[in-house]
>>> print(open('run03.cif').read())   # mmCIF, C-alpha atoms (C1' of nucleotides)
data_run
#
loop_
_atom_site.label_atom_id
_atom_site.label_comp_id
_atom_site.auth_asym_id
_atom_site.auth_seq_id
_atom_site.Cartn_x
_atom_site.Cartn_y
_atom_site.Cartn_z
CA MET A 220 99.65 207.71 47.23
CA SER A 221 99.13 204.51 49.19
CA LEU A 222 99.71 206.22 52.50
CA ARG A 223 96.14 207.41 52.61
CA TYR A 224 94.89 203.87 52.10
CA ALA A 225 97.21 202.48 54.72
CA MET A 226 95.71 204.99 57.12
CA LEU A 227 92.17 204.21 56.06
CA GLY A 228 92.96 200.53 56.49
CA LEU A 229 94.20 201.02 60.01
CA LEU A 230 91.24 203.19 60.89
CA ALA A 231 88.91 200.57 59.42
CA ASP A 232 90.31 198.16 61.98
CA ARG A 233 89.69 200.59 64.83
CA PRO A 234 89.55 204.35 65.55
CA ALA A 235 92.84 206.02 66.41
CA SER A 236 94.63 209.34 66.86
CA GLY A 237 97.53 210.47 64.73
CA TYR A 238 99.83 209.41 67.50
CA ASP A 239 98.27 205.96 67.66
CA LEU A 240 98.65 205.55 63.93
CA LEU A 241 102.27 206.55 64.15
CA GLN A 242 102.91 203.75 66.63
CA ARG A 243 101.20 201.21 64.42
CA PHE A 244 103.21 202.34 61.43
CA LYS A 245 106.38 202.00 63.45
CA THR A 246 105.58 198.48 64.56
CA SER A 247 103.43 196.36 62.29
CA LEU A 248 103.77 198.35 59.07
CA SER A 249 107.34 199.62 59.24
CA ASN A 250 108.67 196.95 56.89
CA VAL A 251 105.87 197.35 54.44
CA TRP A 252 104.97 201.01 54.39
CA PRO A 253 107.04 203.36 56.53
CA ALA A 254 105.48 206.72 57.30
CA THR A 255 106.73 209.75 59.14
CA GLN A 256 104.94 211.74 61.80
CA SER A 257 104.80 214.74 59.54
CA GLN A 258 103.18 212.82 56.76
CA ILE A 259 100.58 211.22 58.97
CA TYR A 260 99.29 214.45 60.44
CA THR A 261 99.20 216.17 57.07
CA GLU A 262 97.26 213.30 55.56
CA LEU A 263 94.84 213.13 58.50
CA THR A 264 93.88 216.72 57.86
CA LYS A 265 93.31 216.05 54.17
CA LEU A 266 91.26 212.92 54.84
CA ALA A 267 89.11 214.80 57.34
CA ASP A 268 88.66 217.66 54.87
CA THR A 269 87.39 215.29 52.21
CA GLY A 270 85.10 213.50 54.66
CA GLN A 271 86.74 210.09 54.59
CA ILE A 272 87.44 210.18 58.28
CA ALA A 273 85.94 212.23 61.12
CA VAL A 274 86.97 213.29 64.61
CA THR A 275 84.84 211.24 66.98
CA ASP A 276 86.53 212.00 70.26
CA GLU A 277 88.89 214.48 71.83
CA GLY A 278 91.24 213.84 74.70
CA PRO A 279 93.94 215.53 76.75
CA ARG A 280 96.77 217.41 75.00
CA GLY A 281 94.66 218.14 71.99
CA ARG A 282 94.28 214.47 71.19
CA LYS A 283 91.85 213.86 68.36
CA GLU A 284 90.51 210.42 67.73
CA TYR A 285 89.52 209.71 64.15
CA THR A 286 87.01 207.21 62.86
CA ILE A 287 86.61 206.09 59.26
CA THR A 288 83.38 207.20 57.57
CA ASP A 289 81.28 205.30 55.05
CA GLU A 290 82.91 207.32 52.28
CA GLY A 291 86.31 206.32 53.62
CA GLN A 292 85.29 202.66 53.72
CA ALA A 293 84.13 202.87 50.12
CA GLU A 294 87.38 204.50 49.06
CA LEU A 295 89.39 201.80 50.80
CA ARG A 296 87.43 199.02 49.14
CA GLN A 297 87.84 200.61 45.76
CA TRP A 298 91.58 200.67 46.22
CA LEU A 299 91.65 197.04 47.31
CA VAL A 300 89.81 195.79 44.25
CA GLY A 301 91.57 198.13 41.82
CA ALA A 302 94.35 197.33 39.37
CA LEU A 303 97.35 195.44 40.71
CA PRO A 304 100.03 197.77 42.03
CA ARG A 305 103.09 197.83 39.85
CA PRO A 306 106.18 196.46 41.54
CA ALA A 307 108.35 199.08 43.17
CA ARG A 308 111.91 200.10 42.53
CA ASN A 309 114.52 197.76 43.89
CA GLU A 310 117.72 199.49 44.89
CA MET A 311 119.26 196.31 46.25
CA LEU A 312 118.97 194.69 42.82
CA LEU A 313 120.00 197.81 40.98
CA ARG A 314 123.34 197.67 42.73
CA ILE A 315 123.87 194.10 41.60
CA PHE A 316 123.92 195.22 37.98
CA PHE A 317 126.81 197.57 38.59
CA LEU A 318 129.01 195.50 40.87
CA GLY A 319 131.53 195.32 38.03
CA ALA A 320 132.56 198.84 38.99
CA ILE A 321 134.09 197.68 42.27
CA THR A 322 136.53 194.87 43.10
CA PRO A 323 135.33 191.28 43.45
CA ASP A 324 136.24 191.47 47.14
CA GLN A 325 133.99 194.44 47.61
CA ALA A 326 131.24 192.81 45.60
CA ARG A 327 131.46 189.74 47.83
CA GLU A 328 131.16 191.98 50.85
CA TYR A 329 127.94 193.34 49.49
CA LEU A 330 126.50 189.91 48.85
CA THR A 331 127.57 188.75 52.27
CA ALA A 332 125.88 191.74 53.87
CA LEU A 333 122.71 190.89 51.98
CA GLU A 334 122.89 187.32 53.18
CA THR A 335 123.34 188.44 56.76
CA ARG A 336 120.49 190.84 56.56
CA ALA A 337 118.19 188.18 55.17
CA GLU A 338 119.18 185.82 57.95
CA GLN A 339 118.54 188.45 60.61
CA GLY A 340 115.32 189.53 58.99
CA LEU A 341 114.08 185.98 59.12
CA ALA A 342 115.09 185.65 62.75
CA GLY A 343 113.36 188.93 63.54
CA LEU A 344 110.15 187.80 61.91
CA THR A 345 110.20 184.50 63.70
CA GLY A 346 110.53 186.36 66.99
CA LEU A 347 107.76 188.75 66.06
CA LYS A 348 105.51 185.87 65.13
CA GLU A 349 105.71 184.59 68.67
CA ALA A 350 105.47 187.99 70.31
CA VAL A 351 102.27 189.01 68.56
CA ASP A 352 99.06 187.84 70.18
CA TRP A 353 97.21 186.49 67.20
CA GLU A 354 93.52 187.03 67.53
CA ASP A 355 90.82 185.43 65.46
CA ASN A 356 89.88 188.38 63.28
CA ASP A 357 90.53 189.43 59.70
CA PHE A 358 93.31 191.76 60.61
CA SER A 359 95.24 189.02 62.39
CA ASN A 360 94.50 186.42 59.74
CA TYR A 361 95.70 188.52 56.88
CA GLY A 362 98.60 189.72 58.99
CA ARG A 363 99.72 186.11 59.22
CA ILE A 364 99.54 185.76 55.46
CA ALA A 365 101.67 188.87 55.07
CA MET A 366 104.13 187.51 57.60
CA GLU A 367 104.41 184.28 55.69
CA TRP A 368 105.39 186.29 52.65
CA GLY A 369 108.09 187.98 54.67
CA GLU A 370 109.49 184.69 55.88
CA ARG A 371 109.58 183.25 52.40
CA TYR A 372 111.09 186.45 51.07
CA PHE A 373 113.95 186.49 53.55
CA ALA A 374 114.59 182.79 53.08
CA MET A 375 114.71 183.23 49.32
CA ASN A 376 117.10 186.14 49.64
CA GLN A 377 119.39 184.21 51.90
CA GLU A 378 119.55 181.25 49.57
CA TRP A 379 120.03 183.45 46.56
CA ALA A 380 122.86 185.40 48.19
CA GLN A 381 124.60 182.14 49.02
CA TRP A 382 124.16 180.97 45.47
CA ALA A 383 125.45 184.28 44.11
CA LEU A 384 128.56 184.09 46.28
CA LYS A 385 129.28 180.69 44.78
CA GLN A 386 129.10 182.18 41.29
CA MET A 387 131.79 184.70 42.15
CA PRO A 388 135.46 184.05 41.45
CA GLN A 389 136.75 182.70 44.75
CA ARG A 390 139.43 184.32 46.84
CA ASP A 391 140.99 187.41 45.32
CA ASN A 392 144.44 187.88 46.80
CA SER A 393 145.31 191.07 44.96
CA LEU A 394 146.38 193.98 47.11
CA GLY A 395 145.13 197.53 47.17
CA ARG A 396 141.79 198.96 46.15
CA MET B 90 118.18 209.44 44.60
CA SER B 91 119.34 206.19 43.01
CA LEU B 92 118.47 207.33 39.53
CA ARG B 93 121.73 209.21 39.26
CA TYR B 94 123.65 206.06 40.18
CA ALA B 95 121.72 203.94 37.76
CA MET B 96 122.72 206.40 35.05
CA LEU B 97 126.33 206.51 36.19
CA GLY B 98 126.32 202.73 36.20
CA LEU B 99 125.07 202.51 32.65
CA LEU B 100 127.53 205.14 31.49
CA ALA B 101 130.33 203.25 33.26
CA ASP B 102 129.51 200.32 31.01
CA ARG B 103 129.65 202.47 27.88
CA PRO B 104 129.00 206.06 26.72
CA ALA B 105 125.46 206.91 25.68
CA SER B 106 123.02 209.69 24.85
CA GLY B 107 119.91 210.43 26.87
CA TYR B 108 117.93 208.60 24.26
CA ASP B 109 120.19 205.57 24.49
CA LEU B 110 119.84 205.53 28.25
CA LEU B 111 116.09 205.73 27.93
CA GLN B 112 116.10 202.57 25.80
CA ARG B 113 118.25 200.71 28.29
CA PHE B 114 116.00 201.75 31.13
CA LYS B 115 113.02 200.53 29.20
CA THR B 116 114.55 197.14 28.52
CA SER B 117 117.06 195.81 31.02
CA LEU B 118 116.24 198.06 33.99
CA SER B 119 112.49 198.54 33.69
CA ASN B 120 111.69 195.96 36.35
CA VAL B 121 114.30 197.21 38.72
CA TRP B 122 114.44 200.94 38.32
CA PRO B 123 111.96 202.54 35.92
CA ALA B 124 112.80 206.04 34.75
CA THR B 125 110.97 208.50 32.57
CA GLN B 126 112.35 210.46 29.66
CA SER B 127 111.83 213.68 31.53
CA GLN B 128 113.76 212.51 34.51
CA ILE B 129 116.69 211.22 32.51
CA TYR B 130 117.30 214.44 30.65
CA THR B 131 116.97 216.54 33.80
CA GLU B 132 119.44 214.34 35.63
CA LEU B 133 121.89 214.31 32.71
CA THR B 134 122.08 218.08 32.91
CA LYS B 135 122.72 217.97 36.64
CA LEU B 136 125.39 215.29 36.34
CA ALA B 137 127.14 217.26 33.63
CA ASP B 138 126.96 220.42 35.74
CA THR B 139 128.63 218.70 38.66
CA GLY B 140 131.28 217.14 36.44
CA GLN B 141 130.40 213.50 36.92
CA ILE B 142 129.75 213.02 33.25
CA ALA B 143 130.84 214.97 30.17
CA VAL B 144 129.67 215.40 26.59
CA THR B 145 132.22 213.56 24.46
CA ASP B 146 130.44 213.56 21.12
CA GLU B 147 127.66 215.31 19.27
CA GLY B 148 125.54 213.87 16.50
CA PRO B 149 122.56 214.70 14.30
CA ARG B 150 119.37 216.13 15.83
CA GLY B 151 121.25 217.63 18.74
CA ARG B 152 122.37 214.25 19.94
CA LYS B 153 124.84 214.48 22.82
CA GLU B 154 126.85 211.49 23.84
CA TYR B 155 127.91 211.44 27.49
CA THR B 156 130.86 209.68 29.06
CA ILE B 157 131.43 209.10 32.75
CA THR B 158 134.34 211.04 34.28
CA ASP B 159 136.73 209.91 37.00
CA GLU B 160 134.68 211.85 39.52
CA GLY B 161 131.59 210.02 38.34
CA GLN B 162 133.35 206.68 38.66
CA ALA B 163 134.37 207.54 42.20
CA GLU B 164 130.84 208.57 43.09
CA LEU B 165 129.46 205.32 41.69
CA ARG B 166 131.93 203.22 43.65
CA GLN B 167 131.14 205.07 46.83
CA TRP B 168 127.47 204.31 46.39
CA LEU B 169 128.18 200.65 45.73
CA VAL B 170 130.19 200.17 48.91
CA GLY B 171 127.95 202.37 51.05
CA ALA B 172 125.36 201.32 53.60
CA LEU B 173 122.82 198.72 52.52
CA PRO B 174 119.75 200.28 50.95
CA ARG B 175 116.71 199.98 53.14
CA PRO B 176 113.98 197.85 51.62
CA ALA B 177 111.36 199.81 49.73
CA ARG B 178 107.67 200.18 50.28
CA ASN B 179 105.60 197.21 49.24
CA GLU B 180 102.12 198.12 48.11
CA MET B 181 101.28 194.56 47.14
CA LEU B 182 101.85 193.45 50.74
CA LEU B 183 100.19 196.50 52.22
CA ARG B 184 96.97 195.47 50.56
CA ILE B 185 97.17 192.03 52.11
CA PHE B 186 96.86 193.55 55.57
CA PHE B 187 93.57 195.17 54.73
CA LEU B 188 91.85 192.44 52.74
CA GLY B 189 89.40 192.09 55.61
CA ALA B 190 87.67 195.19 54.28
CA ILE B 191 86.45 193.35 51.17
CA THR B 192 84.64 190.05 50.73
CA PRO B 193 86.55 186.75 50.80
CA ASP B 194 85.65 186.32 47.14
CA GLN B 195 87.25 189.60 46.25
CA ALA B 196 90.27 188.82 48.40
CA ARG B 197 90.69 185.54 46.57
CA GLU B 198 90.56 187.39 43.29
CA TYR B 199 93.43 189.55 44.43
CA LEU B 200 95.53 186.58 45.46
CA THR B 201 94.77 184.81 42.21
CA ALA B 202 95.82 187.87 40.25
CA LEU B 203 99.09 187.91 42.18
CA GLU B 204 99.64 184.26 41.42
CA THR B 205 99.01 184.82 37.73
CA ARG B 206 101.33 187.76 37.61
CA ALA B 207 104.09 185.79 39.28
CA GLU B 208 103.62 182.97 36.81
CA GLN B 209 103.75 185.32 33.87
CA GLY B 210 106.68 187.20 35.29
CA LEU B 211 108.60 183.99 35.58
CA ALA B 212 107.73 183.03 32.02
CA GLY B 213 108.78 186.46 30.81
CA LEU B 214 112.13 186.21 32.54
CA THR B 215 112.77 182.76 31.16
CA GLY B 216 112.12 184.10 27.68
CA LEU B 217 114.34 187.10 28.28
CA LYS B 218 117.11 184.87 29.53
CA GLU B 219 117.21 183.13 26.18
CA ALA B 220 116.80 186.30 24.14
CA VAL B 221 119.73 188.13 25.70
CA ASP B 222 123.12 187.42 24.21
CA TRP B 223 125.18 186.85 27.31
CA GLU B 224 128.68 188.08 26.87
CA ASP B 225 131.61 187.33 29.09
CA ASN B 226 131.91 190.65 30.91
CA ASP B 227 131.01 191.98 34.32
CA PHE B 228 127.82 193.57 33.16
CA SER B 229 126.53 190.30 31.74
CA ASN B 230 127.75 188.24 34.68
CA TYR B 231 126.10 190.40 37.28
CA GLY B 232 123.06 190.72 35.08
CA ARG B 233 122.68 186.97 35.29
CA ILE B 234 122.87 187.11 39.07
CA ALA B 235 120.15 189.75 39.09
CA MET B 236 118.05 187.62 36.79
CA GLU B 237 118.40 184.65 39.07
CA TRP B 238 117.00 186.79 41.87
CA GLY B 239 114.03 187.66 39.67
CA GLU B 240 113.33 184.02 38.89
CA ARG B 241 113.48 183.04 42.51
CA TYR B 242 111.36 186.00 43.48
CA PHE B 243 108.58 185.17 41.05
CA ALA B 244 108.67 181.51 41.95
CA MET B 245 108.44 182.37 45.64
CA ASN B 246 105.51 184.70 44.99
CA GLN B 247 103.68 182.09 43.03
CA GLU B 248 104.08 179.45 45.70
CA TRP B 249 103.13 181.86 48.42
CA ALA B 250 99.99 182.99 46.60
CA GLN B 251 98.95 179.36 46.19
CA TRP B 252 99.59 178.74 49.85
CA ALA B 253 97.64 181.87 50.81
CA LEU B 254 94.66 180.79 48.73
CA LYS B 255 94.63 177.52 50.64
CA GLN B 256 94.43 179.43 53.92
CA MET B 257 91.32 181.24 52.79
CA PRO B 258 87.84 179.94 53.61
CA GLN B 259 86.85 178.02 50.49
CA ARG B 260 83.89 178.83 48.30
CA ASP B 261 81.76 181.68 49.53
CA ASN B 262 78.28 181.31 48.11
CA SER B 263 76.78 184.41 49.69
CA LEU B 264 75.12 186.84 47.36
CA GLY B 265 75.55 190.59 47.06
CA ARG B 266 78.68 192.74 46.96
"C1'" DT C 3 106.28 214.13 0.95
"C1'" DT C 4 104.84 211.95 4.70
"C1'" DC C 5 105.46 209.22 8.62
"C1'" DC C 6 108.21 207.07 12.09
"C1'" DG C 7 111.75 207.16 15.12
"C1'" DC C 8 115.39 209.90 17.03
"C1'" DA C 9 116.26 213.51 20.12
"C1'" DT C 10 115.88 217.06 23.57
"C1'" DG C 11 113.90 220.10 26.82
"C1'" DT C 12 110.46 222.50 30.50
"C1'" DA C 13 106.42 223.06 33.77
"C1'" DA C 14 103.02 221.61 37.09
"C1'" DT C 15 101.75 218.61 40.56
"C1'" DG C 16 102.04 215.33 44.23
"C1'" DG C 17 104.37 212.50 47.64
"C1'" DG C 18 108.11 211.70 50.91
"C1'" DT C 19 111.91 213.15 54.13
"C1'" DT C 20 114.05 216.13 57.30
"C1'" DA C 21 113.95 219.69 60.22
"C1'" DC C 22 111.77 223.07 62.82
"C1'" DA C 23 108.53 224.30 66.42
"C1'" DT C 24 105.58 223.95 70.41
"C1'" DG C 25 103.37 222.40 74.42
"C1'" DA C 26 100.49 219.34 77.87
"C1'" DT C 27 100.36 215.15 81.09
"C1'" DT C 28 101.89 211.82 83.81
"C1'" DA C 29 105.01 208.88 86.40
"C1'" DG C 30 108.69 208.76 89.44
"C1'" DC D 19 110.33 219.01 90.00
"C1'" DT D 20 111.88 216.86 86.14
"C1'" DA D 21 112.12 213.76 82.46
"C1'" DA D 22 109.77 210.82 79.29
"C1'" DT D 23 105.97 210.35 76.62
"C1'" DC D 24 101.95 212.00 74.49
"C1'" DA D 25 100.39 215.02 71.00
"C1'" DT D 26 100.04 218.12 67.11
"C1'" DG D 27 101.35 221.10 63.44
"C1'" DT D 28 104.30 223.70 59.50
"C1'" DA D 29 108.10 224.64 56.03
"C1'" DA D 30 111.75 223.56 52.82
"C1'" DC D 31 113.64 220.52 49.76
"C1'" DC D 32 114.04 216.61 46.67
"C1'" DC D 33 112.36 213.10 43.63
"C1'" DA D 34 109.02 211.11 40.42
"C1'" DT D 35 105.10 211.38 37.21
"C1'" DT D 36 102.44 213.43 33.68
"C1'" DA D 37 101.86 216.56 30.32
"C1'" DC D 38 103.31 219.93 27.29
"C1'" DA D 39 106.31 221.41 23.55
"C1'" DT D 40 109.45 221.28 19.69
"C1'" DG D 41 111.97 219.75 15.78
"C1'" DC D 42 115.45 217.00 12.74
"C1'" DG D 43 116.70 212.93 9.74
"C1'" DG D 44 115.97 208.97 7.17
"C1'" DA D 45 113.21 205.57 4.83
"C1'" DA D 46 109.44 204.37 1.91
#
>>> encode(input="run03.cif", output="structure tokens")
Amino acid sequence: MSLRYAMLGLLADRPASGYDLLQRFKTSLSNVWPATQSQIYTELTKLADTGQIAVTDEGPRGRKEYTITDEGQAELRQWLVGALPRPARNEMLLRIFFLGAITPDQAREYLTALETRAEQGLAGLTGLKEAVDWEDNDFSNYGRIAMEWGERYFAMNQEWAQWALKQMPQRDNSLGR
Amino acid sequence: MSLRYAMLGLLADRPASGYDLLQRFKTSLSNVWPATQSQIYTELTKLADTGQIAVTDEGPRGRKEYTITDEGQAELRQWLVGALPRPARNEMLLRIFFLGAITPDQAREYLTALETRAEQGLAGLTGLKEAVDWEDNDFSNYGRIAMEWGERYFAMNQEWAQWALKQMPQRDNSLGR
DNA sequence: TTCCGCATGTAATGGGTTACATGATTAG
DNA sequence: CTAATCATGTAACCCATTACATGCGGAA
């Protein structure tokens, strides 16, 4: 349901083709709202049918460049000021609840993997932060705020995973699975 | 896809009917993996068909109590030691990217609402922590670890929202929408 | 006897993923 | 000429949500 708004949001920043949008989803939005090629083109057609975007240019290879319309802008704004989204499912946490079904060694492996991922995620974000050329516009400014969330999120996860490992019974020398 | 494992996980803890599972989803798992009544009953039928759970008792009003089978246990364990789940979509963050489409005042409202929710979420968890009677078994132990994640998560969100509000241009006195 | 809670099931719709399918341009 | 990239579109399947639909049992 939010895919359409993600697309409207990107098109509000600047006009783009389906292919362009796909690239932007792969880079800046991949961690936040992944979208497939299939989905993007299907949704573009729907949005054009309902008049929220319009083809404003055509290029080689059937390229169609879409621009957001006033109706689309209004729709986007309505979404942004609407009720808070309810938090999504969390598979990573769900697994935690059931770790009693595997051995403590295996459970520790899981927590260690989470710690590693958090560490790498943080490193990745730090790299990205330097790679991006931050401009002085809304999109960049709010992008930085989103990135700050990501950094804090990864840091929190790393610390939590370390804490959780300390809660576990240490060193299980039993053999076999 | 994870719903089946959530159900297997609960049934690994103890046998239950669809109705029982529904209650447990509503209480302990609602923040982590919400599930509807409809979904639970449909999935119970599938799991029974594939032999991962079995009806081990029947009660009044057509009540069927299900127990996890060895095959179900194996399936659950395989999920738990499998590849790390990829992080889910984050609508709350997605909105951040596009806040430039609304006024700074409206954007601040959004951030304030996030802060409030984090604060309340933290309070709710603290209350829950005291309400639950923590036993000395795996399910309780890992439940505590999951709860700790929740506390840290809400705290992080609250601090981040406060930080984000400080980044915003202060006090916009312009009129109009 | 009446209401609440227990208890189960199905159907329609929408969104997401994977796979299938095709073809034009451009750079080397 | 050939490979990589640009570029779009469709179909099948699965999962989740909402709504519909029914009925028993126990307590007041």
>>> atom_distance(input="run03.cif", atom1="CA of Thr116 in chain B", atom2="C1' of DC6 in chain C")
20.2 Å
>>> closest_atom_pairs(input="run03.cif", of="chain B", to="chain D", cutoff="9 Å", atoms="all atoms listed in the file", output="Markdown table")
| residue | atom | partner | partner_atom | distance |
| --- | --- | --- | --- | --- |
| B:Met90 | CA | D:DC33 | C1' | 6.9 |
| B:Ala124 | CA | D:DA34 | C1' | 8.5 |
| B:Thr125 | CA | D:DT35 | C1' | 8.0 |
| B:Gln128 | CA | D:DA34 | C1' | 7.7 |
| B:Pro149 | CA | D:DG43 | C1' | 7.6 |
| B:Arg150 | CA | D:DC42 | C1' | 5.1 |
| B:Gly151 | CA | D:DC42 | C1' | 8.4 |
>>> closest_residue(input="run03.cif", among="C:DA14, C:DA9, C:DA23, C:DA29", to="chain B", atoms="all atoms listed in the file")
C:DA9
>>> atom_distance(input="run03.cif", atom1="CA of Leu312 in chain A", atom2="CA of Tyr94 in chain B")
12.6 Å
>>> interface_residues(input="run03.cif", of="chain A", to="chain B", cutoff="8 Å", atoms="all atoms listed in the file", output="PyMOL selection string")
chain A and resi 221+225+228-229+231+248+250-253+292+295-296+299-300+303-304+306-321+325+329+332-333+357-358+361-362+364-365+367-368+371-372+375-376+379+383
>>> atom_distance(input="run03.cif", atom1="CA of Gly210 in chain B", atom2="CA of Tyr130 in chain B")
29.6 Å
>>> interface_residues(input="run03.cif", of="chain C", to="chain A", cutoff="12 Å", atoms="only C-alpha atoms (C1' of nucleotides)", output="ChimeraX atom specification")
/C:16-22,24-28
>>> residues_around(input="run03.cif", residues="Ala212 in chain B", least_positions_apart="3", cutoff="12 Å", atoms="only C-alpha atoms (C1' of nucleotides)", output="PyMOL selection string")
chain B and resi 205-209+215-219+239-241+243-244+247
>>> closest_residue(input="run03.cif", among="B:Arg93, B:Arg113, B:Arg103, B:Val221", to="Gln141 in chain B", atoms="all atoms listed in the file")
B:Arg93
